[in-house]
Amino acid sequence: MPRRIAPTLIVTVVAVSLLAGCTAGSNGVSAPATLGQGTPRASATPAAAAVSKVSPVVGGVTGGTTITLTGSNLGAVDRVKIGTEDATDVKVVSDSKVTAVVPRSVDYQPASGDVVAYAGSKPVSAAATASYTWKVSSGVDREMQYAFAHWNAPTYNASYLDFNSVGGDCQNFVSQALDARGLAQNDSWHYNSSGHSETWGYAPAFDNYLKANPSLGFTPLTADQRSQLSVGDLAYFDWNNNDVPDHVMIVSAIDGSKISLVGHNLDYDYRDLDTAITKDHPGAKVWFYKVPASL
């Protein structure tokens, strides 16, 4: 007689099958977990970057002031603009602080511009519009403002004679700018109602004047020392290698190794120094005078 299978065994097998069906379908694919059993949560939206303060908000037209932007989530800031100009040396100090160096104002003239930080191409929001103001506040500011207000023929200062008809106006222009900077006139260097000194309007005479009067504080630099130049310093040129200066200009910009110059005849605001001594006057000599910081 065949043995009968106990009913309890059948119930047990069915129960196991039903339990197995709670965690896997017939094809072995796991069923979705219910909320609270491993369902991924939506990630939180990162907090937006924001600038709350900029300081200081005033500086000279020649630039160089370091400003600090404070706020929140500033770690991605990689650019700062002031008005139409890009600040330099932008550094993320912390997630709440960024520093940047203010560039010169356009043509060294007084101006104001909004300060805007960027993370990539996206501007960072600001709690309030921060405006930076360039002012004429130092001797070199006065020199460069003057030079760029009067560098080309239509804007020559009519208060002075134009020396182009008697050999060139380059030293006359440089003397005007140095006078604006604060170099004191004296019996040896002057321009007034009774006349002017030779040193005022003649490049070789002023070059000799500086050499003979080291107490004035003008430091001579050779062509190999150009890395020591600053905006506002003087560049003298000997076009024909006879050891007599033929021309003088003022350093108007330093961008890496490129040095630009402003001056009269040729009237120029940003004349490239290396082009002047290679392409324009091949083999020409150049030397410099560093204007004392006290002026």
# chains A, B, ... in the order shown; residues from 1 in each chain; ligands from 1
$ residues_around --residues "A:Val116" --least-positions-apart "4" --cutoff "8 Å" --atoms "only C-alpha atoms" --output "PyMOL selection string"
chain A and resi 80-82+123-124+130
$ write_last_selection --atoms "N, CA and C atoms" --output "PDB file, in the first residue's frame"
ATOM      1  N   VAL A  80      36.977  88.434 -10.706  1.00  0.00           N
ATOM      2  CA  VAL A  80      36.337  89.602 -10.120  1.00  0.00           C
ATOM      3  C   VAL A  80      36.477  90.750 -11.117  1.00  0.00           C
ATOM      4  N   LYS A  81      35.368  91.393 -11.439  1.00  0.00           N
ATOM      5  CA  LYS A  81      35.393  92.559 -12.326  1.00  0.00           C
ATOM      6  C   LYS A  81      35.014  93.805 -11.545  1.00  0.00           C
ATOM      7  N   ILE A  82      35.681  94.899 -11.875  1.00  0.00           N
ATOM      8  CA  ILE A  82      35.346  96.193 -11.285  1.00  0.00           C
ATOM      9  C   ILE A  82      35.041  97.116 -12.453  1.00  0.00           C
ATOM     10  N   PRO A 123      27.751  85.105 -12.660  1.00  0.00           N
ATOM     11  CA  PRO A 123      27.971  86.104 -11.611  1.00  0.00           C
ATOM     12  C   PRO A 123      27.411  85.631 -10.278  1.00  0.00           C
ATOM     13  N   VAL A 124      28.129  85.962  -9.217  1.00  0.00           N
ATOM     14  CA  VAL A 124      27.698  85.611  -7.866  1.00  0.00           C
ATOM     15  C   VAL A 124      26.754  86.687  -7.358  1.00  0.00           C
ATOM     16  N   ALA A 130      27.870  96.572  -4.727  1.00  0.00           N
ATOM     17  CA  ALA A 130      29.102  97.152  -4.183  1.00  0.00           C
ATOM     18  C   ALA A 130      29.795  97.944  -5.287  1.00  0.00           C
TER      19      ALA A 130
END
$ select_by_dssp --residues "stretch 92-198 of chain A" --states "strand (DSSP E)" --output "ChimeraX atom specification"
/A:92-94,97-101,111-119,122-123,125-126,131-135,191-192,195-196
$ residues_around --residues "A:Leu178" --least-positions-apart "2" --cutoff "10 Å" --atoms "only C-alpha atoms" --output "ChimeraX atom specification"
/A:139-140,142-144,146-147,172-176,180-185,232-234,250,291,295
$ write_last_selection --atoms "N, CA, C and O atoms" --output "short mmCIF file (atom, residue, chain, number, x, y, z; two decimals), in the first residue's frame"
data_model
loop_
_atom_site.label_atom_id
_atom_site.label_comp_id
_atom_site.auth_asym_id
_atom_site.auth_seq_id
_atom_site.Cartn_x
_atom_site.Cartn_y
_atom_site.Cartn_z
N GLY A 139 50.94 110.92 -5.56
CA GLY A 139 51.73 111.61 -6.57
C GLY A 139 51.69 110.91 -7.92
O GLY A 139 51.50 111.56 -8.96
N VAL A 140 51.87 109.60 -7.93
CA VAL A 140 51.85 108.87 -9.20
C VAL A 140 50.46 108.91 -9.82
O VAL A 140 50.32 108.94 -11.05
N ARG A 142 48.49 111.52 -9.69
CA ARG A 142 48.43 112.84 -10.33
C ARG A 142 49.23 112.84 -11.63
O ARG A 142 48.79 113.41 -12.64
N GLU A 143 50.41 112.21 -11.59
CA GLU A 143 51.26 112.15 -12.79
C GLU A 143 50.54 111.44 -13.94
O GLU A 143 50.50 111.95 -15.07
N MET A 144 49.97 110.27 -13.64
CA MET A 144 49.37 109.48 -14.70
C MET A 144 48.04 110.07 -15.17
O MET A 144 47.72 110.02 -16.36
N TYR A 146 47.41 113.23 -15.29
CA TYR A 146 47.82 114.35 -16.14
C TYR A 146 48.31 113.84 -17.50
O TYR A 146 47.91 114.36 -18.56
N ALA A 147 49.18 112.84 -17.49
CA ALA A 147 49.75 112.33 -18.73
C ALA A 147 48.67 111.85 -19.69
O ALA A 147 48.72 112.12 -20.90
N ASN A 172 59.38 118.33 -22.46
CA ASN A 172 58.41 119.31 -21.96
C ASN A 172 57.21 118.59 -21.35
O ASN A 172 56.75 118.94 -20.25
N PHE A 173 56.71 117.57 -22.05
CA PHE A 173 55.57 116.79 -21.56
C PHE A 173 55.92 116.04 -20.28
O PHE A 173 55.15 116.04 -19.31
N VAL A 174 57.08 115.40 -20.24
CA VAL A 174 57.51 114.67 -19.04
C VAL A 174 57.67 115.63 -17.86
O VAL A 174 57.27 115.32 -16.74
N SER A 175 58.23 116.79 -18.10
CA SER A 175 58.39 117.78 -17.02
C SER A 175 57.03 118.22 -16.49
O SER A 175 56.84 118.39 -15.27
N GLN A 176 56.07 118.43 -17.37
CA GLN A 176 54.72 118.79 -16.93
C GLN A 176 54.14 117.72 -16.01
O GLN A 176 53.54 118.02 -14.97
N ALA A 180 53.15 117.86 -12.04
CA ALA A 180 51.85 117.45 -11.50
C ALA A 180 52.03 116.44 -10.38
O ALA A 180 51.26 116.43 -9.41
N ARG A 181 53.06 115.60 -10.49
CA ARG A 181 53.31 114.59 -9.45
C ARG A 181 53.79 115.22 -8.16
O ARG A 181 53.55 114.67 -7.07
N GLY A 182 54.47 116.35 -8.26
CA GLY A 182 54.92 117.02 -7.04
C GLY A 182 56.40 117.32 -6.98
O GLY A 182 56.90 117.78 -5.95
N LEU A 183 57.15 117.10 -8.08
CA LEU A 183 58.56 117.45 -8.09
C LEU A 183 58.68 118.97 -8.02
O LEU A 183 58.09 119.69 -8.83
N ALA A 184 59.42 119.45 -7.04
CA ALA A 184 59.50 120.89 -6.80
C ALA A 184 60.35 121.60 -7.85
O ALA A 184 61.47 121.16 -8.16
N GLN A 185 59.82 122.67 -8.39
CA GLN A 185 60.60 123.48 -9.31
C GLN A 185 61.65 124.27 -8.54
O GLN A 185 61.48 124.58 -7.36
N GLY A 232 54.89 105.23 -14.04
CA GLY A 232 55.31 106.58 -13.68
C GLY A 232 56.80 106.81 -13.79
O GLY A 232 57.25 107.97 -13.75
N ASP A 233 57.60 105.74 -13.92
CA ASP A 233 59.05 105.89 -14.08
C ASP A 233 59.37 106.41 -15.48
O ASP A 233 58.52 106.43 -16.38
N LEU A 234 60.63 106.82 -15.69
CA LEU A 234 61.03 107.45 -16.94
C LEU A 234 61.91 106.53 -17.77
O LEU A 234 62.73 105.80 -17.22
N ILE A 250 57.20 108.15 -20.44
CA ILE A 250 56.82 107.72 -19.09
C ILE A 250 56.24 106.30 -19.17
O ILE A 250 55.44 106.01 -20.07
N VAL A 291 61.34 106.95 -10.35
CA VAL A 291 60.93 108.16 -9.65
C VAL A 291 60.78 107.82 -8.16
O VAL A 291 60.23 106.77 -7.80
N LEU A 295 57.50 111.06 -3.94
CA LEU A 295 56.78 112.01 -4.78
C LEU A 295 55.38 111.49 -5.09
O LEU A 295 55.19 110.29 -5.31
#
$ select_by_dssp --residues "stretch 187-253 of chain A" --states "alpha helix (DSSP H)" --output "MDAnalysis selection string"
chainID A and resid 198:201 203:212
$ closest_atom_pairs --of "stretch 122-157 of chain A" --to "stretch 99-106 of chain A" --cutoff "12 Å" --atoms "only C-alpha atoms" --output "JSON lines"
{"residue": "A:Tyr132", "atom": "CA", "partner": "A:Val102", "partner_atom": "CA", "distance": 9.2}
{"residue": "A:Thr133", "atom": "CA", "partner": "A:Ser105", "partner_atom": "CA", "distance": 9.2}
{"residue": "A:Trp134", "atom": "CA", "partner": "A:Ser105", "partner_atom": "CA", "distance": 6.5}
{"residue": "A:Lys135", "atom": "CA", "partner": "A:Ser105", "partner_atom": "CA", "distance": 9.1}
{"residue": "A:Val136", "atom": "CA", "partner": "A:Ser105", "partner_atom": "CA", "distance": 10.4}
{"residue": "A:Val140", "atom": "CA", "partner": "A:Arg104", "partner_atom": "CA", "distance": 11.8}
{"residue": "A:Asp141", "atom": "CA", "partner": "A:Arg104", "partner_atom": "CA", "distance": 9.8}
{"residue": "A:Met144", "atom": "CA", "partner": "A:Arg104", "partner_atom": "CA", "distance": 10.3}
{"residue": "A:Gln145", "atom": "CA", "partner": "A:Ser105", "partner_atom": "CA", "distance": 9.8}
{"residue": "A:Phe148", "atom": "CA", "partner": "A:Val106", "partner_atom": "CA", "distance": 9.8}
{"residue": "A:Ala149", "atom": "CA", "partner": "A:Val106", "partner_atom": "CA", "distance": 11.5}
$ write_last_selection --atoms "N, CA, C and O atoms" --output "short mmCIF file (atom, residue, chain, number, x, y, z; two decimals), in the first residue's frame"
data_model
loop_
_atom_site.label_atom_id
_atom_site.label_comp_id
_atom_site.auth_asym_id
_atom_site.auth_seq_id
_atom_site.Cartn_x
_atom_site.Cartn_y
_atom_site.Cartn_z
N TYR A 132 33.07 100.36 -6.45
CA TYR A 132 34.44 100.77 -6.13
C TYR A 132 34.72 102.09 -6.83
O TYR A 132 34.34 102.29 -7.99
N THR A 133 35.42 103.00 -6.15
CA THR A 133 35.73 104.32 -6.71
C THR A 133 37.23 104.52 -6.82
O THR A 133 37.96 104.35 -5.84
N TRP A 134 37.69 104.85 -8.03
CA TRP A 134 39.08 105.23 -8.26
C TRP A 134 39.21 106.74 -8.08
O TRP A 134 38.51 107.52 -8.74
N LYS A 135 40.13 107.17 -7.22
CA LYS A 135 40.36 108.59 -6.99
C LYS A 135 41.83 108.93 -7.20
O LYS A 135 42.70 108.06 -7.15
N VAL A 136 42.09 110.19 -7.44
CA VAL A 136 43.48 110.68 -7.53
C VAL A 136 43.92 110.99 -6.11
O VAL A 136 43.48 111.97 -5.52
N VAL A 140 51.87 109.60 -7.93
CA VAL A 140 51.85 108.87 -9.20
C VAL A 140 50.46 108.91 -9.82
O VAL A 140 50.32 108.94 -11.05
N ASP A 141 49.41 108.95 -8.99
CA ASP A 141 48.05 109.14 -9.53
C ASP A 141 47.95 110.46 -10.28
O ASP A 141 47.40 110.53 -11.39
N MET A 144 49.97 110.27 -13.64
CA MET A 144 49.37 109.48 -14.70
C MET A 144 48.04 110.07 -15.17
O MET A 144 47.72 110.02 -16.36
N GLN A 145 47.28 110.64 -14.26
CA GLN A 145 46.05 111.31 -14.69
C GLN A 145 46.39 112.45 -15.65
O GLN A 145 45.76 112.61 -16.70
N PHE A 148 47.66 111.16 -19.16
CA PHE A 148 46.62 110.62 -20.03
C PHE A 148 45.55 111.65 -20.40
O PHE A 148 44.79 111.44 -21.34
N ALA A 149 45.54 112.75 -19.70
CA ALA A 149 44.64 113.84 -20.09
C ALA A 149 45.25 114.69 -21.20
O ALA A 149 44.53 115.40 -21.90
#
$ closest_residue --among "A:Pro56, A:Asn186, A:Gly71, A:Val231" --to "A:Tyr209" --atoms "only C-alpha atoms"
A:Asn186
